[in-house]
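Structure file data_6.txt (compact mmCIF, C-alpha atoms) is printed below.
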# COMPACT_ATOMS: atom_id res chain seq x y z
CA MET R 574 89.60 -33.26 20.90
CA GLY R 575 88.47 -33.74 17.31
CA ARG R 576 87.66 -30.05 17.03
CA ILE R 577 91.11 -29.16 18.34
CA LEU R 578 92.83 -31.40 15.77
CA LYS R 579 90.67 -30.03 12.99
CA ASN R 580 91.24 -26.37 13.78
CA TYR R 581 94.89 -26.53 14.79
CA TYR R 582 96.38 -29.40 12.83
CA PRO R 583 98.99 -27.16 11.06
CA GLU R 584 100.36 -25.92 14.38
CA LEU R 585 100.25 -29.36 15.97
CA THR R 586 101.93 -30.91 12.94
CA GLY R 587 104.63 -28.24 13.01
CA VAL R 588 105.29 -28.80 16.70
CA LEU R 589 105.48 -32.57 16.15
CA VAL R 590 107.85 -32.27 13.18
CA LEU R 591 110.12 -29.80 14.98
CA GLY R 592 110.15 -32.00 18.05
CA LEU R 593 111.15 -35.04 16.02
CA ILE R 594 113.86 -33.13 14.19
CA PHE R 595 115.38 -31.82 17.42
CA PHE R 596 115.16 -35.29 18.96
CA PHE R 597 117.08 -36.92 16.13
CA VAL R 598 119.58 -34.07 15.92
CA THR R 599 120.35 -34.07 19.64
CA THR R 600 120.42 -37.87 20.06
CA GLY R 601 122.46 -38.54 16.95
CA VAL R 602 120.01 -41.05 15.48
CA PRO R 603 120.63 -41.22 11.69
CA LEU R 604 117.20 -39.97 10.63
CA LEU R 605 118.48 -38.96 7.21
CA ALA R 606 120.93 -41.79 6.70
CA PRO R 607 120.40 -42.02 2.90
CA PHE R 608 121.24 -38.33 2.63
CA THR R 609 124.21 -38.29 4.99
CA GLU R 610 126.73 -37.32 2.33
CA VAL R 611 124.52 -34.56 0.97
CA THR R 612 123.86 -33.08 4.40
CA ARG R 613 127.55 -33.31 5.31
CA GLU R 614 128.56 -31.40 2.19
CA TRP R 615 125.86 -28.80 2.80
CA SER R 616 126.95 -28.41 6.42
CA SER R 617 130.60 -27.98 5.47
CA GLY R 618 129.61 -25.22 3.09
CA LEU R 619 127.91 -23.19 5.81
CA SER R 620 129.71 -20.11 7.01
CA SER R 621 130.94 -19.87 10.57
CA GLU R 622 128.24 -17.26 11.20
CA MET R 623 125.51 -19.74 10.34
CA HIS R 624 127.10 -22.36 12.60
CA ASN R 625 127.14 -19.82 15.42
CA PHE R 626 123.56 -18.84 14.66
CA THR R 627 122.40 -22.46 14.82
CA ALA R 628 124.32 -23.21 18.01
CA ILE R 629 123.05 -20.12 19.86
CA PHE R 630 119.45 -20.61 18.74
CA LEU R 631 119.40 -24.30 19.71
CA SER R 632 120.86 -23.55 23.13
CA LEU R 633 118.21 -20.90 23.80
CA PHE R 634 115.43 -23.09 22.43
CA ILE R 635 116.38 -26.23 24.36
CA GLU R 636 116.91 -24.31 27.62
CA GLY R 637 113.70 -22.30 27.48
CA LEU R 638 111.18 -24.74 25.99
CA PRO R 639 110.73 -26.94 29.11
CA PHE R 640 109.80 -23.89 31.17
CA ILE R 641 107.18 -22.81 28.63
CA LEU R 642 105.74 -26.33 28.62
CA PHE R 643 105.67 -26.59 32.41
CA GLY R 644 104.33 -23.05 32.76
CA THR R 645 101.45 -23.58 30.34
CA LEU R 646 100.53 -26.89 32.00
CA LEU R 647 100.55 -25.37 35.48
CA SER R 648 98.63 -22.24 34.51
CA SER R 649 96.04 -24.33 32.64
CA PHE R 650 95.40 -26.54 35.65
CA VAL R 651 95.13 -23.44 37.84
CA HIS R 652 92.70 -21.99 35.31
CA VAL R 653 90.45 -25.05 35.50
CA TYR R 654 90.75 -26.30 39.06
CA VAL R 655 91.43 -23.26 41.29
CA LYS R 656 88.76 -20.82 42.36
CA GLN R 657 90.49 -17.46 42.36
CA GLU R 658 87.85 -15.97 44.64
CA THR R 659 89.03 -18.25 47.45
CA LEU R 660 92.20 -16.20 47.82
CA TRP R 661 90.41 -12.87 47.68
CA ARG R 662 88.42 -13.77 50.79
CA PHE R 663 91.62 -13.44 52.79
CA LEU R 664 92.52 -10.08 51.27
CA PRO R 665 92.41 -7.17 53.77
CA LYS R 666 90.11 -4.29 52.92
CA HIS R 667 92.62 -1.55 53.68
CA PRO R 668 94.81 -0.63 50.66
CA VAL R 669 97.95 -0.37 52.80
CA LEU R 670 97.71 -4.12 53.34
CA SER R 671 95.79 -5.30 50.27
CA ILE R 672 98.10 -3.79 47.64
CA PRO R 673 101.36 -5.42 48.86
CA LEU R 674 99.56 -8.70 49.50
CA ALA R 675 98.11 -8.71 45.98
CA ALA R 676 101.67 -8.43 44.62
CA SER R 677 102.51 -11.80 46.21
CA PHE R 678 99.48 -13.76 44.99
CA GLY R 679 101.41 -14.98 41.95
CA LEU R 680 103.11 -17.44 44.29
CA PHE R 681 99.74 -19.16 44.66
CA LEU R 682 98.17 -18.34 41.27
CA PRO R 683 100.95 -18.55 38.63
CA ILE R 684 98.69 -17.53 35.75
CA CYS R 685 100.29 -17.16 32.33
CA GLU R 686 100.75 -13.72 30.79
CA CYS R 687 98.25 -14.20 28.00
CA GLY R 688 95.53 -14.85 30.58
CA ILE R 689 96.29 -12.27 33.25
CA VAL R 690 94.37 -9.36 31.67
CA PRO R 691 91.04 -11.23 31.37
CA VAL R 692 91.45 -12.46 34.96
CA ALA R 693 92.04 -8.90 36.23
CA ARG R 694 89.06 -7.59 34.26
CA ARG R 695 86.81 -10.31 35.59
CA LEU R 696 87.88 -9.61 39.19
CA VAL R 697 87.05 -5.92 38.77
CA GLN R 698 83.65 -6.93 37.42
CA LYS R 699 83.10 -8.98 40.58
CA GLY R 700 83.83 -6.01 42.82
CA LEU R 701 87.56 -6.27 43.53
CA PRO R 702 89.04 -2.74 43.77
CA SER R 703 90.81 -1.74 40.58
CA TYR R 704 94.02 -0.83 42.43
CA VAL R 705 94.25 -4.38 43.79
CA ALA R 706 93.47 -5.93 40.40
CA PHE R 707 96.15 -3.88 38.60
CA THR R 708 98.73 -4.67 41.28
CA PHE R 709 97.94 -8.35 40.74
CA LEU R 710 98.10 -7.93 36.95
CA LEU R 711 101.56 -6.37 37.05
CA ALA R 712 103.16 -8.60 39.68
CA VAL R 713 101.92 -12.10 38.83
CA PRO R 714 104.04 -12.68 35.67
CA ILE R 715 107.20 -11.88 37.66
CA VAL R 716 106.48 -12.97 41.23
CA ASN R 717 105.64 -16.60 40.59
CA PRO R 718 107.54 -19.89 41.07
CA ILE R 719 108.09 -20.69 37.38
CA THR R 720 109.62 -17.30 36.60
CA ILE R 721 111.79 -17.50 39.71
CA VAL R 722 113.19 -20.94 38.81
CA SER R 723 113.74 -20.09 35.13
CA THR R 724 115.57 -16.85 36.00
CA TYR R 725 117.72 -18.67 38.54
CA MET R 726 118.76 -21.30 36.00
CA ALA R 727 119.19 -18.89 33.09
CA PHE R 728 121.69 -16.76 35.02
CA GLY R 729 123.96 -19.61 36.04
CA ASN R 730 122.19 -20.71 39.22
CA SER R 731 122.65 -17.26 40.71
CA TRP R 732 120.10 -15.64 43.00
CA GLU R 733 121.29 -12.06 42.39
CA MET R 734 119.23 -11.41 39.26
CA VAL R 735 116.30 -13.34 40.71
CA TRP R 736 116.02 -11.10 43.78
CA LYS R 737 116.53 -7.93 41.75
CA ARG R 738 113.88 -8.97 39.26
CA ILE R 739 111.37 -9.90 41.97
CA GLY R 740 112.12 -6.79 44.02
CA LEU R 741 111.79 -4.41 41.09
CA GLY R 742 108.71 -6.15 39.71
CA ALA R 743 106.90 -6.19 43.04
CA GLY R 744 107.99 -2.64 43.86
CA ILE R 745 106.73 -1.22 40.56
CA ALA R 746 103.48 -3.19 40.87
CA ILE R 747 102.88 -1.84 44.38
CA PHE R 748 103.67 1.72 43.28
CA MET R 749 101.24 1.39 40.37
CA GLY R 750 98.62 0.00 42.75
CA ILE R 751 99.00 3.15 44.85
CA MET R 752 98.70 5.31 41.72
CA PHE R 753 95.48 3.56 40.74
CA TYR R 754 94.21 4.02 44.29
CA LEU R 755 94.89 7.76 44.08
CA PHE R 756 93.47 8.34 40.59
CA TYR R 757 90.91 5.58 40.05
CA LYS R 758 89.63 4.68 43.52
CA ASN R 759 86.03 5.74 42.83
CA ARG R 760 86.13 5.85 39.04
CA PRO R 761 85.04 3.11 36.62
CA VAL R 762 87.88 1.48 34.71
CA LEU R 763 85.95 -0.98 32.52
CA LYS R 764 84.26 -0.35 29.22
CA GLU R 765 80.51 -0.62 29.22
CA GLU R 766 79.60 -3.93 27.61
CA THR R 767 76.97 -3.98 24.92
CA GLY R 768 74.12 -6.42 25.34
CA GLY R 769 74.92 -9.99 24.41
CA GLN R 770 78.45 -9.16 23.37
CA ARG R 771 81.25 -11.19 24.86
CA THR R 772 84.87 -10.20 24.54
CA GLN R 773 87.11 -12.90 23.11
CA GLU R 774 90.42 -12.62 24.84
CA GLY R 775 93.44 -14.69 25.65
CA CYS R 776 95.53 -17.05 23.62
CA CYS R 777 92.77 -19.58 23.37
CA GLY R 778 90.09 -17.43 21.82
CA GLY R 779 88.39 -16.56 25.08
CA ALA R 780 89.19 -19.63 27.15
CA HIS R 781 90.43 -17.40 29.93
CA ASP R 782 87.26 -15.39 29.89
CA HIS R 783 84.96 -18.10 31.25
CA ASP R 784 83.30 -17.54 34.58
CA HIS R 785 85.27 -19.18 37.40
CA GLU R 786 82.58 -18.61 39.97
CA HIS R 787 81.21 -22.11 39.57
CA GLY R 788 84.58 -23.86 39.42
CA SER R 789 84.22 -26.99 37.34
CA HIS R 790 81.09 -25.66 35.57
CA CYS R 791 83.26 -23.32 33.45
CA ALA R 792 83.96 -26.31 31.20
CA ASN R 793 80.27 -26.58 30.33
CA HIS R 794 80.23 -23.30 28.35
CA SER R 795 82.55 -24.30 25.50
CA HIS R 796 83.90 -27.69 26.54
CA GLU R 797 80.62 -29.47 27.12
CA GLY R 798 81.04 -33.19 27.56
CA GLN R 799 84.75 -32.94 28.43
CA SER R 800 86.19 -33.63 31.82
CA ARG R 801 88.09 -30.93 33.64
CA LEU R 802 91.29 -32.85 32.96
CA MET R 803 90.71 -32.79 29.20
CA HIS R 804 89.76 -29.13 29.44
CA ALA R 805 93.07 -28.34 31.20
CA LEU R 806 95.12 -30.40 28.74
CA SER R 807 93.49 -28.92 25.65
CA HIS R 808 93.87 -25.45 27.14
CA SER R 809 97.58 -26.07 27.72
CA VAL R 810 98.01 -27.15 24.08
CA PHE R 811 96.65 -23.83 22.85
CA GLU R 812 98.80 -21.87 25.27
CA PHE R 813 101.94 -23.88 24.45
CA ILE R 814 101.52 -23.21 20.72
CA ASP R 815 100.86 -19.53 21.29
CA MET R 816 103.74 -18.98 23.71
CA GLY R 817 106.07 -21.19 21.67
CA LYS R 818 105.63 -18.99 18.60
CA TYR R 819 106.60 -15.87 20.51
CA PHE R 820 109.52 -17.57 22.20
CA CYS R 821 110.91 -18.89 18.89
CA LEU R 822 110.61 -15.42 17.36
CA GLY R 823 112.40 -13.90 20.33
CA ALA R 824 115.14 -16.52 20.21
CA LEU R 825 115.66 -15.87 16.50
CA ILE R 826 115.94 -12.11 17.03
CA ALA R 827 118.30 -12.48 20.01
CA THR R 828 120.43 -14.94 18.04
CA GLY R 829 120.45 -12.65 15.01
CA PHE R 830 121.59 -9.73 17.17
CA GLN R 831 124.54 -11.67 18.50
CA THR R 832 125.46 -13.35 15.21
CA PHE R 833 125.00 -10.69 12.55
CA VAL R 834 125.10 -7.42 14.47
CA GLY R 835 127.99 -8.74 16.50
CA VAL R 836 129.12 -8.65 20.09
CA ALA R 837 131.39 -5.67 19.42
CA ALA R 838 128.52 -3.55 18.12
CA ILE R 839 126.34 -4.47 21.09
CA LYS R 840 129.19 -3.60 23.45
CA GLN R 841 129.46 -0.23 21.75
CA LEU R 842 125.75 0.31 22.25
CA ALA R 843 126.06 -0.74 25.88
CA GLN R 844 128.32 2.25 26.54
CA PHE R 845 125.19 4.41 26.31
CA ASP R 846 123.20 3.05 29.24
CA GLY R 847 120.04 4.99 28.48
CA LEU R 848 119.94 3.88 24.84
CA ALA R 849 120.60 0.24 25.71
CA LEU R 850 117.89 0.34 28.38
CA LEU R 851 115.35 1.83 25.96
CA LEU R 852 116.26 -0.73 23.30
CA MET R 853 115.81 -3.70 25.63
CA MET R 854 112.50 -2.37 26.96
CA ALA R 855 111.26 -1.81 23.40
CA LEU R 856 112.42 -5.31 22.47
CA ALA R 857 110.56 -6.81 25.43
CA PHE R 858 107.39 -4.91 24.51
CA SER R 859 107.43 -5.95 20.87
CA LEU R 860 108.42 -9.61 21.34
CA SER R 861 105.79 -10.34 24.03
CA ILE R 862 107.72 -13.38 25.28
CA CYS R 863 106.34 -15.43 28.15
CA SER R 864 108.04 -14.65 31.46
CA SER R 865 108.49 -18.38 31.98
CA ALA R 866 111.36 -18.38 29.49
CA ASP R 867 112.34 -14.77 28.70
CA ALA R 868 115.24 -14.97 31.17
CA PHE R 869 117.13 -17.26 28.79
CA LEU R 870 116.98 -14.62 26.06
CA ALA R 871 118.10 -11.89 28.45
CA ALA R 872 120.92 -14.08 29.77
CA SER R 873 122.29 -14.47 26.25
CA PHE R 874 123.19 -10.74 26.36
CA ARG R 875 124.76 -10.72 29.81
CA SER R 876 128.33 -10.72 28.46
CA VAL R 877 127.77 -7.43 26.63
CA LEU R 878 125.02 -5.59 28.51
CA GLY R 879 124.86 -4.32 32.06
CA GLN R 880 122.26 -5.22 34.66
CA GLY R 881 120.12 -2.15 33.94
CA PRO R 882 119.20 -3.06 30.32
CA LEU R 883 118.83 -6.75 31.22
CA LEU R 884 116.45 -5.93 34.07
CA GLY R 885 114.59 -3.56 31.77
CA PHE R 886 113.88 -6.55 29.53
CA LEU R 887 113.05 -8.87 32.43
CA VAL R 888 110.81 -6.46 34.35
CA PHE R 889 109.09 -4.37 31.69
CA GLY R 890 108.24 -7.16 29.23
CA PRO R 891 106.02 -9.22 31.55
CA MET R 892 104.19 -6.06 32.66
CA VAL R 893 103.61 -4.30 29.35
CA ASP R 894 103.70 -6.02 25.97
CA ILE R 895 101.73 -5.91 22.74
CA LYS R 896 99.41 -8.80 23.61
CA ASN R 897 98.39 -7.42 26.97
CA VAL R 898 97.88 -3.87 25.72
CA LEU R 899 95.58 -5.11 22.95
CA MET R 900 93.62 -7.22 25.42
CA MET R 901 93.34 -4.28 27.82
CA ALA R 902 92.06 -2.07 25.01
CA GLY R 903 89.22 -4.53 24.52
CA GLY R 904 88.01 -4.46 28.14
CA PHE R 905 89.24 -1.28 29.82
CA LYS R 906 88.60 2.37 29.12
CA ARG R 907 91.06 4.03 26.78
CA SER R 908 92.18 6.55 29.43
CA VAL R 909 92.93 3.67 31.82
CA VAL R 910 95.04 1.88 29.21
CA PHE R 911 97.04 5.04 28.43
CA PHE R 912 97.54 5.70 32.14
CA PHE R 913 98.61 2.11 32.76
CA VAL R 914 101.08 1.89 29.86
CA GLY R 915 102.49 5.42 30.20
CA CYS R 916 102.91 5.40 33.97
CA THR R 917 104.35 1.86 34.10
CA THR R 918 106.84 2.70 31.34
CA LEU R 919 107.94 5.93 33.01
CA VAL R 920 108.27 4.37 36.48
CA THR R 921 110.26 1.41 35.13
CA LEU R 922 112.56 3.64 33.10
CA LEU R 923 113.24 6.08 35.93
CA THR R 924 113.73 3.32 38.51
CA LEU R 925 116.28 1.46 36.43
CA TRP R 926 117.99 4.68 35.34
CA ILE R 927 118.47 5.76 38.96
CA LEU R 928 119.44 2.38 40.41
CA PHE R 929 121.60 1.07 37.57
Write the structure described by the file as structure tokens, please.
Amino acid sequence: MGRILKNYYPELTGVLVLGLIFFFVTTGVPLLAPFTEVTREWSSGLSSEMHNFTAIFLSLFIEGLPFILFGTLLSSFVHVYVKQETLWRFLPKHPVLSIPLAASFGLFLPICECGIVPVARRLVQKGLPSYVAFTFLLAVPIVNPITIVSTYMAFGNSWEMVWKRIGLGAGIAIFMGIMFYLFYKNRPVLKEETGGQRTQEGCCGGAHDHDHEHGSHCANHSHEGQSRLMHALSHSVFEFIDMGKYFCLGALIATGFQTFVGVAAIKQLAQFDGLALLLMMALAFSLSICSSADAFLAASFRSVLGQGPLLGFLVFGPMVDIKNVLMMAGGFKRSVVFFFVGCTTLVTLLTLWILF
């Protein structure tokens, strides 16, 4: 714990300060009572655009933050306590059965996005077929309980977008599993590791890359002397900070779009379905927002964008983003990464173009 505080005290301090500020702002406690007149004058001088910006950002932040917190806690406890190999024992050998079943394993292993690539790489190293591992990699961020609940709440307690997101995500993952079966069934997909070199991946500087084969013994590699509970809690702190940064950036950009670009301009863009779809997919790729909370950002555009661009953001982002591509480049062959990114992008684009 001391090492965590020493290495990450700026981030922890920032989270604490922001949390206190939002607490006092939302509860109305006079935190800055001596400066009430000054703050009131400053607030009255703000333009209506800045008031709108603040209101939209706070609504997105307050709605999405609990899901990031819960998601990081759950995925961290899964990371520490659950042996992933237990599920693979029940996986059928035939690809016709194993590929669709792998797309549903996120319901039992809701692993966070920043950790899914190292998990898939490790499973391939242990002999799991690459087509099953990539199906799992693509489907888990979408087909999992946290994403389902957050999408349901973000879109006004409506199941329509939830089912469409799950259906498209699982369908694309299964299709990509078939593609990997056809092209990479008997071909190596991993880079050859140099002796003694260990890839540092994941949001926690390699925390996801520990060997799960011995269950609780994974804590002994870098968390010696800590209990599994402390390991899970410290792991969730790292993930929460990492995911929180991306979510705040995404919320700022989405708020800026609506405040300064304007709803009218976005509506004008929405008339060109292909352009709006490409823009939302590119935005999802570049922001790399956790699927636990990205639905709240997408829902903020629902009054001006159609279902196609919104689903492009919700489906493509959890599958292909900057973080995951960089992590894949560190463990998989370059041709595999290009095939994965290019084919997933093309399939997602064509599917949404045809259906919406």
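From CA of Phe830 in chain R back to CA of Gly847 in chain R, the distance works out to 18.6 Å.
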Q: Pick out the closest residue to Gly881 in chain R from this set: R:Val722, R:Leu860, R:Ile751, R:Leu848. Count all atoms listed in the file.
A: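 Comparing R:Val722, R:Leu860, R:Ile751, R:Leu848 against Gly881 in chain R, the winner is R:Leu848.
Between CA of His667 in chain R and CA of Gly740 in chain R lies a distance of 22.4 Å.
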Q.
My list of candidates is R:Val898, R:Val697, R:Met623, R:Ser731. Which is closest to Lys764 in chain R when distances are computed with all atoms listed in the file?
A.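 Among the listed residues, the smallest separation from Lys764 in chain R belongs to R:Val697.
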Q: Mind giving me the straight-line distance from CA of Val920 in chain R to CA of Ile641 in chain R in Å, one decimal?
A: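 Straight-line distance from CA of Val920 in chain R to CA of Ile641 in chain R works out to 28.3 Å.
Each of R:Ile739, R:Ala849, R:Val690, R:Ile629 was compared to Tyr725 in chain R using only C-alpha atoms, and R:Ile739 turns out to be the nearest.
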Using all heavy atoms, give me range 860-871 of chain R from the structure I just pasted, as a tab-separated table (two decimals), in the first residue's frame.
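As written to disk, selection.tsv reads:
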chain	number	residue	atom	x	y	z
R	860	LEU	N	-10.93	7.74	-28.33
R	860	LEU	CA	-11.17	8.03	-26.92
R	860	LEU	C	-10.86	6.84	-26.02
R	860	LEU	O	-10.47	7.03	-24.86
R	860	LEU	CB	-12.63	8.46	-26.71
R	860	LEU	CG	-13.04	9.79	-27.33
R	860	LEU	CD1	-14.51	10.07	-27.03
R	860	LEU	CD2	-12.17	10.92	-26.81
R	861	SER	N	-11.05	5.63	-26.52
R	861	SER	CA	-10.74	4.41	-25.74
R	861	SER	C	-11.47	4.40	-24.40
R	861	SER	O	-10.88	4.11	-23.36
R	861	SER	CB	-9.23	4.29	-25.52
R	861	SER	OG	-8.53	4.28	-26.73
R	862	ILE	N	-12.76	4.69	-24.41
R	862	ILE	CA	-13.53	4.77	-23.17
R	862	ILE	C	-14.01	3.39	-22.76
R	862	ILE	O	-14.38	2.57	-23.60
R	862	ILE	CB	-14.74	5.71	-23.36
R	862	ILE	CG1	-14.25	7.10	-23.75
R	862	ILE	CG2	-15.56	5.81	-22.08
R	862	ILE	CD1	-15.35	8.02	-24.18
R	863	CYS	N	-14.00	3.13	-21.48
R	863	CYS	CA	-14.43	1.84	-20.95
R	863	CYS	C	-15.89	1.58	-21.31
R	863	CYS	O	-16.74	2.48	-21.21
R	863	CYS	CB	-14.25	1.82	-19.44
R	863	CYS	SG	-14.75	0.28	-18.66
R	864	SER	N	-16.19	0.35	-21.74
R	864	SER	CA	-17.56	0.02	-22.13
R	864	SER	C	-18.52	0.04	-20.96
R	864	SER	O	-19.73	0.00	-21.16
R	864	SER	CB	-17.58	-1.37	-22.79
R	864	SER	OG	-17.12	-2.36	-21.89
R	865	SER	N	-18.00	0.11	-19.74
R	865	SER	CA	-18.87	0.20	-18.57
R	865	SER	C	-19.64	1.51	-18.53
R	865	SER	O	-20.70	1.60	-17.90
R	865	SER	CB	-18.05	0.07	-17.28
R	865	SER	OG	-17.38	-1.16	-17.22
R	866	ALA	N	-19.10	2.54	-19.19
R	866	ALA	CA	-19.73	3.87	-19.09
R	866	ALA	C	-19.86	4.58	-20.42
R	866	ALA	O	-20.40	5.70	-20.44
R	866	ALA	CB	-18.94	4.74	-18.11
R	867	ASP	N	-19.40	4.00	-21.52
R	867	ASP	CA	-19.44	4.72	-22.80
R	867	ASP	C	-20.86	4.96	-23.30
R	867	ASP	O	-21.11	5.85	-24.10
R	867	ASP	CB	-18.61	3.99	-23.87
R	867	ASP	CG	-19.15	2.59	-24.16
R	867	ASP	OD1	-20.08	2.15	-23.48
R	867	ASP	OD2	-18.61	1.95	-25.09
R	868	ALA	N	-21.83	4.17	-22.80
R	868	ALA	CA	-23.21	4.36	-23.24
R	868	ALA	C	-23.75	5.73	-22.85
R	868	ALA	O	-24.60	6.29	-23.56
R	868	ALA	CB	-24.09	3.26	-22.65
R	869	PHE	N	-23.28	6.28	-21.74
R	869	PHE	CA	-23.76	7.60	-21.31
R	869	PHE	C	-23.28	8.69	-22.26
R	869	PHE	O	-23.99	9.67	-22.50
R	869	PHE	CB	-23.30	7.89	-19.88
R	869	PHE	CG	-23.94	7.00	-18.86
R	869	PHE	CD1	-23.29	5.88	-18.38
R	869	PHE	CD2	-25.23	7.25	-18.41
R	869	PHE	CE1	-23.88	5.04	-17.45
R	869	PHE	CE2	-25.84	6.43	-17.48
R	869	PHE	CZ	-25.17	5.32	-17.00
R	870	LEU	N	-22.08	8.54	-22.82
R	870	LEU	CA	-21.60	9.50	-23.81
R	870	LEU	C	-22.40	9.37	-25.10
R	870	LEU	O	-22.78	10.36	-25.71
R	870	LEU	CB	-20.11	9.29	-24.07
R	870	LEU	CG	-19.17	9.43	-22.89
R	870	LEU	CD1	-17.73	9.33	-23.34
R	870	LEU	CD2	-19.40	10.74	-22.16
R	871	ALA	N	-22.62	8.13	-25.53
R	871	ALA	CA	-23.40	7.92	-26.75
R	871	ALA	C	-24.82	8.44	-26.60
R	871	ALA	O	-25.37	9.06	-27.51
R	871	ALA	CB	-23.41	6.44	-27.11
